[in-house]
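Below is query.tsv, which holds TSV, C-alpha atoms.
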```tsv
chain	number	residue	atom	x	y	z
A	1	MET	CA	8.35	24.02	-15.56
A	2	SER	CA	7.19	23.51	-19.16
A	3	GLY	CA	7.58	19.72	-19.02
A	4	ALA	CA	4.99	19.43	-16.29
A	5	VAL	CA	2.02	19.06	-18.61
A	6	ALA	CA	3.73	16.56	-20.91
A	7	LEU	CA	4.73	14.56	-17.86
A	8	ALA	CA	1.27	14.31	-16.39
A	9	LEU	CA	0.47	10.74	-15.49
A	10	THR	CA	-2.06	8.78	-17.51
A	11	GLU	CA	-4.93	7.19	-15.62
A	12	MET	CA	-3.26	3.77	-15.81
A	13	GLU	CA	0.12	5.14	-14.67
A	14	ARG	CA	-1.51	6.88	-11.72
A	15	ASP	CA	-3.35	3.66	-10.86
A	16	ALA	CA	-0.12	1.65	-11.04
A	17	LEU	CA	1.76	4.22	-8.96
A	18	THR	CA	-0.97	4.27	-6.29
A	19	GLU	CA	-0.90	0.48	-6.13
A	20	LEU	CA	2.90	0.54	-5.94
A	21	VAL	CA	2.88	3.06	-3.07
A	22	ASN	CA	0.18	1.02	-1.37
A	23	LEU	CA	2.38	-2.08	-1.56
A	24	GLY	CA	5.40	-0.22	-0.23
A	25	VAL	CA	3.59	1.50	2.62
A	26	SER	CA	1.74	-1.70	3.57
A	27	LYS	CA	5.11	-3.44	4.00
A	28	ALA	CA	6.33	-0.43	5.98
A	29	ALA	CA	3.27	-0.69	8.24
A	30	VAL	CA	3.99	-4.36	8.83
A	31	SER	CA	7.53	-3.47	9.95
A	32	LEU	CA	6.29	-0.64	12.20
A	33	ARG	CA	3.74	-3.00	13.72
A	34	GLY	CA	6.59	-5.42	14.41
A	35	LEU	CA	8.55	-2.69	16.20
A	36	ILE	CA	5.78	-1.35	18.41
A	37	GLY	CA	3.51	-4.37	18.84
A	38	HIS	CA	0.30	-2.53	17.98
A	39	GLU	CA	-1.77	-2.38	14.83
A	40	VAL	CA	-0.95	0.43	12.39
A	41	SER	CA	-3.90	1.70	10.33
A	42	LEU	CA	-3.28	3.21	6.91
A	43	SER	CA	-5.21	5.61	4.70
A	44	VAL	CA	-5.46	5.22	0.94
A	45	PRO	CA	-2.39	6.79	-0.77
A	46	ARG	CA	-2.67	10.31	-2.24
A	47	ILE	CA	-0.66	11.24	-5.30
A	48	ALA	CA	-0.25	14.69	-6.82
A	49	ILE	CA	2.06	16.54	-9.20
A	50	ILE	CA	2.21	20.05	-7.78
A	51	PRO	CA	4.64	22.93	-7.18
A	52	ARG	CA	7.08	22.18	-4.39
A	53	ARG	CA	5.64	24.91	-2.16
A	54	ASP	CA	2.19	23.28	-2.32
A	55	ALA	CA	3.70	19.91	-1.42
A	56	ALA	CA	4.75	21.42	1.86
A	57	LEU	CA	1.20	22.65	2.45
A	58	MET	CA	-0.28	19.19	1.85
A	59	ILE	CA	1.40	17.93	4.97
A	60	GLY	CA	1.72	21.24	6.80
A	61	GLU	CA	-1.95	22.08	6.61
A	62	HIS	CA	-2.85	19.00	8.61
A	63	HIS	CA	-0.62	19.94	11.50
A	64	ALA	CA	-0.21	23.44	12.80
A	65	THR	CA	2.34	22.04	15.22
A	66	ARG	CA	5.98	21.43	14.56
A	67	LEU	CA	6.85	18.23	12.77
A	68	VAL	CA	9.71	15.81	13.02
A	69	ALA	CA	10.76	13.71	10.05
A	70	VAL	CA	13.18	10.96	9.27
A	71	SER	CA	14.37	11.56	5.73
A	72	GLN	CA	16.25	9.33	3.33
A	73	VAL	CA	17.40	10.17	-0.16
A	74	PHE	CA	17.13	7.40	-2.74
A	75	ASP	CA	18.66	7.25	-6.19
A	76	GLY	CA	19.16	4.81	-9.00
A	77	ASP	CA	17.02	4.70	-12.15
A	78	PHE	CA	14.90	7.32	-10.46
A	79	SER	CA	15.61	9.40	-7.41
A	80	GLY	CA	13.85	11.31	-4.73
A	81	ARG	CA	13.34	11.56	-1.01
A	82	ALA	CA	11.27	9.48	1.37
A	83	LEU	CA	10.09	10.88	4.67
A	84	LEU	CA	8.50	9.46	7.77
A	85	ILE	CA	6.73	12.45	9.33
A	86	PHE	CA	4.83	12.98	12.54
A	87	PRO	CA	4.00	15.81	14.93
A	88	GLU	CA	6.93	16.56	17.21
A	89	THR	CA	4.65	15.92	20.18
A	90	ASN	CA	4.37	12.26	19.07
A	91	SER	CA	8.07	11.68	18.77
A	92	LEU	CA	8.76	10.65	22.39
A	93	GLU	CA	5.68	8.44	22.34
A	94	LEU	CA	6.98	6.68	19.24
A	95	VAL	CA	10.38	6.14	20.85
A	96	ARG	CA	8.61	4.87	23.99
A	97	ALA	CA	6.55	2.45	21.88
A	98	VAL	CA	9.58	1.20	19.97
A	99	THR	CA	11.67	0.69	23.11
A	100	GLY	CA	8.88	-1.26	24.80
A	101	GLY	CA	7.94	1.34	27.40
A	102	ALA	CA	10.43	0.11	30.00
A	103	LEU	CA	12.86	3.04	29.89
A	104	PRO	CA	12.74	6.08	32.18
A	105	LEU	CA	11.95	9.43	30.53
A	106	GLU	CA	15.53	10.74	30.65
A	107	ASP	CA	16.77	7.69	28.76
A	108	ILE	CA	14.01	8.08	26.18
A	109	VAL	CA	14.97	11.71	25.65
A	110	ALA	CA	18.63	10.74	25.30
A	111	LEU	CA	17.78	7.98	22.83
A	112	GLU	CA	15.25	9.97	20.85
A	113	GLN	CA	17.38	11.02	17.90
A	114	GLU	CA	18.98	7.63	17.44
A	115	ALA	CA	15.75	5.70	17.92
A	116	LEU	CA	13.91	7.90	15.44
A	117	ALA	CA	16.65	7.49	12.84
A	118	GLU	CA	16.70	3.71	13.30
A	119	THR	CA	12.90	3.37	13.24
A	120	GLY	CA	12.62	5.60	10.18
A	121	ASN	CA	15.40	3.67	8.48
A	122	ILE	CA	13.62	0.33	8.94
A	123	ILE	CA	10.24	1.64	7.82
A	124	LEU	CA	11.46	3.68	4.85
A	125	ASN	CA	13.79	0.92	3.65
A	126	ASN	CA	10.94	-1.55	3.76
A	127	CYS	CA	8.78	0.80	1.73
A	128	LEU	CA	11.45	1.73	-0.83
A	129	SER	CA	12.82	-1.77	-1.30
A	130	THR	CA	9.30	-3.08	-1.96
A	131	ILE	CA	8.83	-0.37	-4.58
A	132	ALA	CA	12.25	-1.07	-6.14
A	133	ASN	CA	11.67	-4.84	-6.20
A	134	THR	CA	8.23	-4.45	-7.74
A	135	LEU	CA	9.72	-2.26	-10.48
A	136	GLN	CA	12.64	-4.72	-10.81
A	137	ARG	CA	15.16	-1.96	-10.21
A	138	THR	CA	17.79	-1.27	-7.56
A	139	LEU	CA	17.65	1.90	-5.48
A	140	ARG	CA	20.50	3.16	-3.34
A	141	MET	CA	19.42	4.68	-0.06
A	142	SER	CA	21.25	7.27	2.03
A	143	LEU	CA	21.58	7.12	5.78
A	144	PRO	CA	18.60	8.60	7.62
A	145	ASP	CA	18.54	12.25	8.71
A	146	VAL	CA	16.28	13.48	11.48
A	147	ILE	CA	14.90	16.94	10.71
A	148	ARG	CA	12.50	19.22	12.55
A	149	GLY	CA	10.31	22.10	11.43
A	150	ASP	CA	6.97	22.87	9.82
A	151	GLY	CA	5.83	21.27	6.53
A	152	GLY	CA	7.61	23.96	4.50
A	153	GLU	CA	10.93	23.40	6.20
A	154	LEU	CA	10.77	19.62	5.77
A	155	PHE	CA	10.35	19.87	2.00
A	156	GLU	CA	12.62	22.86	1.44
A	157	PHE	CA	16.05	21.51	2.02
A	158	SER	CA	16.61	19.59	-1.20
A	159	GLY	CA	18.71	22.48	-2.47
A	160	ILE	CA	18.64	22.64	-6.25
A	161	ALA	CA	14.90	22.89	-6.84
A	162	ASP	CA	12.95	26.08	-6.19
A	163	ALA	CA	9.43	26.50	-4.90
A	164	ASP	CA	7.88	26.74	-8.40
A	165	ASP	CA	9.27	23.44	-9.64
A	166	ALA	CA	6.69	20.71	-9.96
A	167	VAL	CA	7.27	17.64	-7.84
A	168	LEU	CA	5.53	14.31	-7.57
A	169	VAL	CA	4.24	13.90	-4.04
A	170	MET	CA	2.89	10.63	-2.70
A	171	TYR	CA	1.73	10.41	0.87
A	172	ILE	CA	-0.23	8.22	3.17
A	173	ASN	CA	-1.50	8.81	6.69
A	174	PHE	CA	-0.90	6.21	9.39
A	175	VAL	CA	-2.39	5.93	12.87
A	176	VAL	CA	-1.42	3.76	15.83
A	177	ASN	CA	-4.63	3.97	17.85
A	178	ALA	CA	-3.29	2.09	20.84
A	179	ARG	CA	-0.45	4.62	21.31
A	180	ASN	CA	-2.11	7.78	20.04
A	181	ILE	CA	0.52	8.17	17.33
A	182	THR	CA	-0.29	9.60	13.93
A	183	GLY	CA	1.98	10.42	11.01
A	184	TYR	CA	2.72	10.32	7.32
A	185	ILE	CA	4.95	8.46	4.98
A	186	ALA	CA	5.71	10.75	2.05
A	187	MET	CA	7.81	10.48	-1.07
A	188	LEU	CA	8.94	13.38	-3.22
A	189	MET	CA	10.38	13.09	-6.69
A	190	ASP	CA	11.32	15.80	-9.14
A	191	LEU	CA	10.35	15.70	-12.81
A	192	PRO	CA	13.45	14.10	-14.39
A	193	ALA	CA	12.86	11.15	-12.06
A	194	LEU	CA	9.21	11.08	-13.09
A	195	ARG	CA	10.15	10.55	-16.73
A	196	THR	CA	11.92	7.29	-15.88
A	197	LEU	CA	9.25	6.31	-13.38
A	198	LYS	CA	6.59	6.55	-16.09
A	199	GLU	CA	8.53	4.04	-18.22
A	200	LEU	CA	8.93	1.69	-15.28
A	201	LEU	CA	5.23	1.95	-14.44
A	202	ASN	CA	4.32	1.04	-18.01
A	203	ASP	CA	6.66	-1.97	-17.83
A	204	LEU	CA	4.94	-2.95	-14.59
A	205	VAL	CA	1.51	-2.72	-16.24
A	206	ASP	CA	2.76	-4.85	-19.14
A	207	ARG	CA	4.14	-7.51	-16.80
A	208	ALA	CA	0.97	-7.59	-14.72
A	209	THR	CA	-1.37	-7.89	-17.66
A	210	THR	CA	0.44	-10.00	-20.25
A	211	ALA	CA	-1.40	-13.28	-20.67
A	212	ILE	CA	0.25	-16.27	-19.05
A	213	PRO	CA	-0.22	-19.68	-20.66
A	214	PHE	CA	-3.02	-21.87	-19.43
A	215	ILE	CA	-1.78	-24.32	-16.82
A	216	SER	CA	-3.86	-27.45	-16.49
A	217	HIS	CA	-2.33	-29.12	-13.44
A	218	VAL	CA	0.94	-27.88	-12.09
A	219	THR	CA	2.52	-30.71	-10.16
A	220	ASP	CA	5.90	-29.60	-8.94
B	1	MET	CA	-18.16	-27.08	-12.85
B	2	THR	CA	-17.51	-23.41	-13.50
B	3	TYR	CA	-18.03	-20.59	-11.05
B	4	LYS	CA	-18.43	-16.83	-11.04
B	5	VAL	CA	-15.77	-14.82	-9.21
B	6	LEU	CA	-16.32	-11.32	-7.84
B	7	VAL	CA	-13.04	-9.34	-7.96
B	8	VAL	CA	-12.98	-6.12	-5.90
B	9	ASP	CA	-10.00	-3.75	-5.95
B	10	ASP	CA	-9.82	0.03	-6.35
B	11	SER	CA	-6.75	-0.45	-8.54
B	12	LYS	CA	-7.50	-1.35	-12.14
B	13	LEU	CA	-3.97	-2.72	-12.42
B	14	ALA	CA	-4.60	-5.06	-9.50
B	15	ARG	CA	-7.88	-6.23	-11.06
B	16	MET	CA	-6.12	-6.81	-14.39
B	17	SER	CA	-3.40	-8.73	-12.61
B	18	ILE	CA	-5.92	-10.96	-10.80
B	19	ALA	CA	-7.85	-11.44	-14.07
B	20	ARG	CA	-4.65	-12.61	-15.74
B	21	LEU	CA	-4.07	-15.23	-13.04
B	22	LEU	CA	-7.70	-16.37	-13.08
B	23	ASP	CA	-7.61	-16.69	-16.87
B	24	ALA	CA	-4.53	-18.89	-16.60
B	25	LEU	CA	-5.83	-21.05	-13.76
B	26	ARG	CA	-9.57	-21.28	-14.54
B	27	PRO	CA	-10.05	-20.03	-18.11
B	28	LYS	CA	-13.72	-21.01	-18.26
B	29	TRP	CA	-14.83	-19.27	-15.10
B	30	GLU	CA	-16.75	-16.02	-15.26
B	31	ARG	CA	-15.54	-12.90	-13.52
B	32	ILE	CA	-17.23	-9.69	-12.49
B	33	GLU	CA	-15.31	-6.69	-11.18
B	34	ALA	CA	-15.98	-3.80	-8.83
B	35	ALA	CA	-13.77	-0.85	-7.81
B	36	ASN	CA	-15.18	-0.38	-4.31
B	37	ALA	CA	-17.39	-1.97	-1.65
B	38	THR	CA	-20.61	-0.21	-2.67
B	39	GLU	CA	-20.23	-1.28	-6.28
B	40	ALA	CA	-19.34	-4.82	-5.16
B	41	VAL	CA	-22.56	-5.21	-3.14
B	42	GLU	CA	-24.60	-3.79	-6.02
B	43	ARG	CA	-23.05	-6.22	-8.47
B	44	ARG	CA	-23.54	-9.18	-6.13
B	45	ASN	CA	-27.19	-8.23	-5.63
B	46	GLY	CA	-27.59	-8.03	-9.41
B	47	GLU	CA	-26.18	-11.46	-10.19
B	48	ALA	CA	-25.23	-14.46	-8.05
B	49	VAL	CA	-21.53	-14.94	-7.38
B	50	ASP	CA	-19.76	-18.05	-6.06
B	51	ILE	CA	-16.39	-16.71	-4.85
B	52	ALA	CA	-15.12	-13.25	-3.83
B	53	LEU	CA	-11.55	-11.88	-4.03
B	54	LEU	CA	-11.31	-8.63	-2.06
B	55	ASP	CA	-8.58	-6.02	-1.77
B	56	PHE	CA	-8.12	-4.69	1.78
B	57	ASN	CA	-7.09	-1.01	1.51
B	58	MET	CA	-9.75	0.76	-0.59
B	59	PRO	CA	-11.39	4.19	-0.42
B	60	GLY	CA	-14.70	3.96	1.47
B	61	ALA	CA	-15.36	0.66	3.22
B	62	ASP	CA	-12.24	-1.53	3.35
B	63	GLY	CA	-12.06	-5.17	2.29
B	64	LEU	CA	-12.77	-6.51	5.78
B	65	ALA	CA	-15.91	-4.38	6.14
B	66	LEU	CA	-16.98	-5.56	2.70
B	67	ALA	CA	-16.26	-9.19	3.65
B	68	ALA	CA	-18.50	-8.79	6.72
B	69	GLU	CA	-21.28	-7.35	4.57
B	70	LEU	CA	-20.97	-10.08	1.93
B	71	HIS	CA	-20.87	-12.74	4.65
B	72	ALA	CA	-24.12	-11.38	6.12
B	73	LEU	CA	-25.75	-11.46	2.66
B	74	GLN	CA	-24.36	-14.84	1.65
B	75	PRO	CA	-22.89	-16.79	4.61
B	76	SER	CA	-21.54	-19.64	2.46
B	77	LEU	CA	-19.64	-17.35	0.04
B	78	PRO	CA	-15.94	-18.30	-0.03
B	79	MET	CA	-13.84	-15.13	0.25
B	80	ALA	CA	-10.18	-14.14	0.16
B	81	ILE	CA	-8.75	-10.86	1.43
B	82	ILE	CA	-5.72	-9.84	-0.64
B	83	SER	CA	-3.25	-7.37	0.87
B	84	ALA	CA	0.42	-6.53	1.30
B	85	ASN	CA	-0.60	-5.38	4.78
B	86	THR	CA	0.09	-8.67	6.55
B	87	GLN	CA	-0.24	-7.30	10.10
B	88	ASP	CA	-1.43	-10.00	12.53
B	89	GLU	CA	-4.62	-8.09	13.39
B	90	ILE	CA	-5.71	-7.88	9.76
B	91	VAL	CA	-4.98	-11.54	9.05
B	92	ALA	CA	-6.86	-12.48	12.25
B	93	ARG	CA	-9.89	-10.36	11.32
B	94	ALA	CA	-10.00	-11.95	7.87
B	95	ARG	CA	-9.93	-15.41	9.45
B	96	ALA	CA	-12.60	-14.46	11.98
B	97	LEU	CA	-14.87	-13.68	9.04
B	98	GLY	CA	-14.10	-17.09	7.56
B	99	ALA	CA	-12.06	-15.48	4.78
B	100	THR	CA	-8.65	-16.66	3.59
B	101	PHE	CA	-5.82	-14.11	3.73
B	102	LEU	CA	-3.64	-13.99	0.60
B	103	PRO	CA	-0.53	-11.77	0.47
B	104	LYS	CA	-0.15	-9.16	-2.26
B	105	PRO	CA	1.34	-9.22	-4.86
B	106	LEU	CA	-0.85	-12.26	-5.43
B	107	THR	CA	1.08	-15.25	-6.77
B	108	GLN	CA	-0.28	-17.90	-9.05
B	109	GLN	CA	0.58	-20.58	-6.47
B	110	ASP	CA	-1.37	-18.87	-3.67
B	111	LEU	CA	-4.40	-18.24	-5.85
B	112	ALA	CA	-4.30	-21.81	-7.22
B	113	ALA	CA	-4.23	-23.24	-3.68
B	114	PHE	CA	-7.17	-21.04	-2.64
B	115	LEU	CA	-9.20	-21.99	-5.73
B	116	ASP	CA	-8.48	-25.71	-5.24
B	117	THR	CA	-9.75	-25.55	-1.65
B	118	VAL	CA	-12.80	-23.52	-2.60
B	119	GLU	CA	-13.69	-25.87	-5.46
B	120	LEU	CA	-13.69	-28.83	-3.08
B	121	ARG	CA	-15.88	-26.90	-0.65
B	122	LEU	CA	-18.34	-25.81	-3.33
B	123	ALA	CA	-18.48	-29.32	-4.84
B	124	ALA	CA	-19.19	-30.82	-1.42
B	125	ALA	CA	-21.95	-28.26	-0.84
B	126	HIS	CA	-23.59	-29.25	-4.13
B	127	GLU	CA	-23.70	-32.94	-3.26
```
Target encoding structure tokens, full file:
Amino acid sequence: MSGAVALALTEMERDALTELVNLGVSKAAVSLRGLIGHEVSLSVPRIAIIPRRDAALMIGEHHATRLVAVSQVFDGDFSGRALLIFPETNSLELVRAVTGGALPLEDIVALEQEALAETGNIILNNCLSTIANTLQRTLRMSLPDVIRGDGGELFEFSGIADADDAVLVMYINFVVNARNITGYIAMLMDLPALRTLKELLNDLVDRATTAIPFISHVTD
Amino acid sequence: MTYKVLVVDDSKLARMSIARLLDALRPKWERIEAANATEAVERRNGEAVDIALLDFNMPGADGLALAAELHALQPSLPMAIISANTQDEIVARARALGATFLPKPLTQQDLAAFLDTVELRLAAAHE
């Protein structure tokens, strides 16, 4: 797409976006920790503007195994898709962790789809609402879908875009050491959304850096 | 009494945001900045600092590892760990290092309360 170069992020915009994703994912980690009762460790966020097919590889290359993802579409001033992704082999363990480990295996299997959707919904909503609030915008979020496949299949389904279209990919790796669970939180946005996002990021930078008046002794 | 604050965050925006709050609350204080733990230790070794404000999630050593290192170098250094990652384990590790945990985005009220406490502590230490 010809707009890709013009829409490259400036250093400050990239910095602001990384910090924004960090805020969102940190809140998501707090909610996941609340659900499973064990610490969730996070990596530093990665951000790239790349062709859609390469986005799939970013996640896919880390896991040769099949993946399961909870996906939610968001739209408003900007739109995109947020995904909670982990290897399919971790999915029962996650459900077991969320349900407190008291359920027999057959119940866990029966609950898997619903528990994944609910867990993903809580985590992704926490992440997206933090991002929306920080940007002072409202985002609408779809109901969660549970999808399975390799990295390519998870990022393929958005329909309109083809594999050459550039997308903004943001992802972060999380690990729950105590339960041997690892995964990703990823967000994908296409370029029209990026145009608006750039404006919102610049507003955020302005708000964060505009001088506030000197306060001698606030006594309220 | 004015003090020198070490601000460590990999995000320039976050450092600018902290600088803005510090300028409003303690306009006469000095500030030095670092983008990661290695740079922070180098800067502290180059010039004495009185207070440290540390981000948690950074490339390389995280804010808690940096706090441990700074504490070993300067046991009386008042420190705050600033993060949106308010998981109990992280808050507890910050406290175990004698650091204050401040939630991100950092508010003026939270920073003011931390600075007030630290000022009392530093003034008492000087007496």
Which of B:Asp55, B:Glu119, B:Glu127, B:Asp50 sits closest to chain A [using all atoms listed in the file]: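 Looking only at the distances to chain A, the closest residue turns out to be B:Asp55.
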State, in Å with one decimal place, the distance from atom CA of Phe56 of chain B to atom CA of Asp10 of chain B.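 Atom CA of Phe56 of chain B sits 9.6 Å away from atom CA of Asp10 of chain B.
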Near chain A, which residues of chain B fall within 7 Å when you count all atoms listed in the file, and what do they look like as a ChimeraX atom specification? /B:11-13,16-17,20,24-25,57-59,84-87,89
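Rounded to one decimal, atom CA of Arg44 of chain B and atom CA of Gln109 of chain B lie 26.7 Å from each other.
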note - atom CA of Thr89 of chain A and atom CA of Val68 of chain A are separated by 8.8 Å
Residue neighbourhood Ala56 of chain A, 7 Å, all atoms listed in the file, exclusion window fewer than 5 positions, as a list in words: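 Using all atoms listed in the file, the neighbours found are Gly151, Gly152 and Phe155 of chain A.
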Which is closest to Asp23 of chain B among B:Val118, B:Val5, B:Ala123, B:Pro78, if we use only C-alpha atoms? B:Val5
Using only C-alpha atoms: which of B:Ala112, B:Met1, B:Ala19, B:Asp62 has the shortest distance to Ile90 of chain B: B:Asp62
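Nearest to Val91 of chain B of all the residues B:Pro103, B:Ala68, B:Arg15, B:Ala40 is B:Pro103, counting only C-alpha atoms.
If only C-alpha atoms are the atoms counted, then among B:Ala37, B:Leu22, B:Ala94, B:Leu122 the closest residue to Asp110 of chain B is B:Leu22.
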Name all residues at most 12 Å from Thr100 of chain B (count all atoms listed in the file; drop same-chain ones fewer than 6 positions away) and give them as number ranges by chain. B: 51-55, 64, 67, 77-83, 90-94, 110-111, 113-115, 117-118
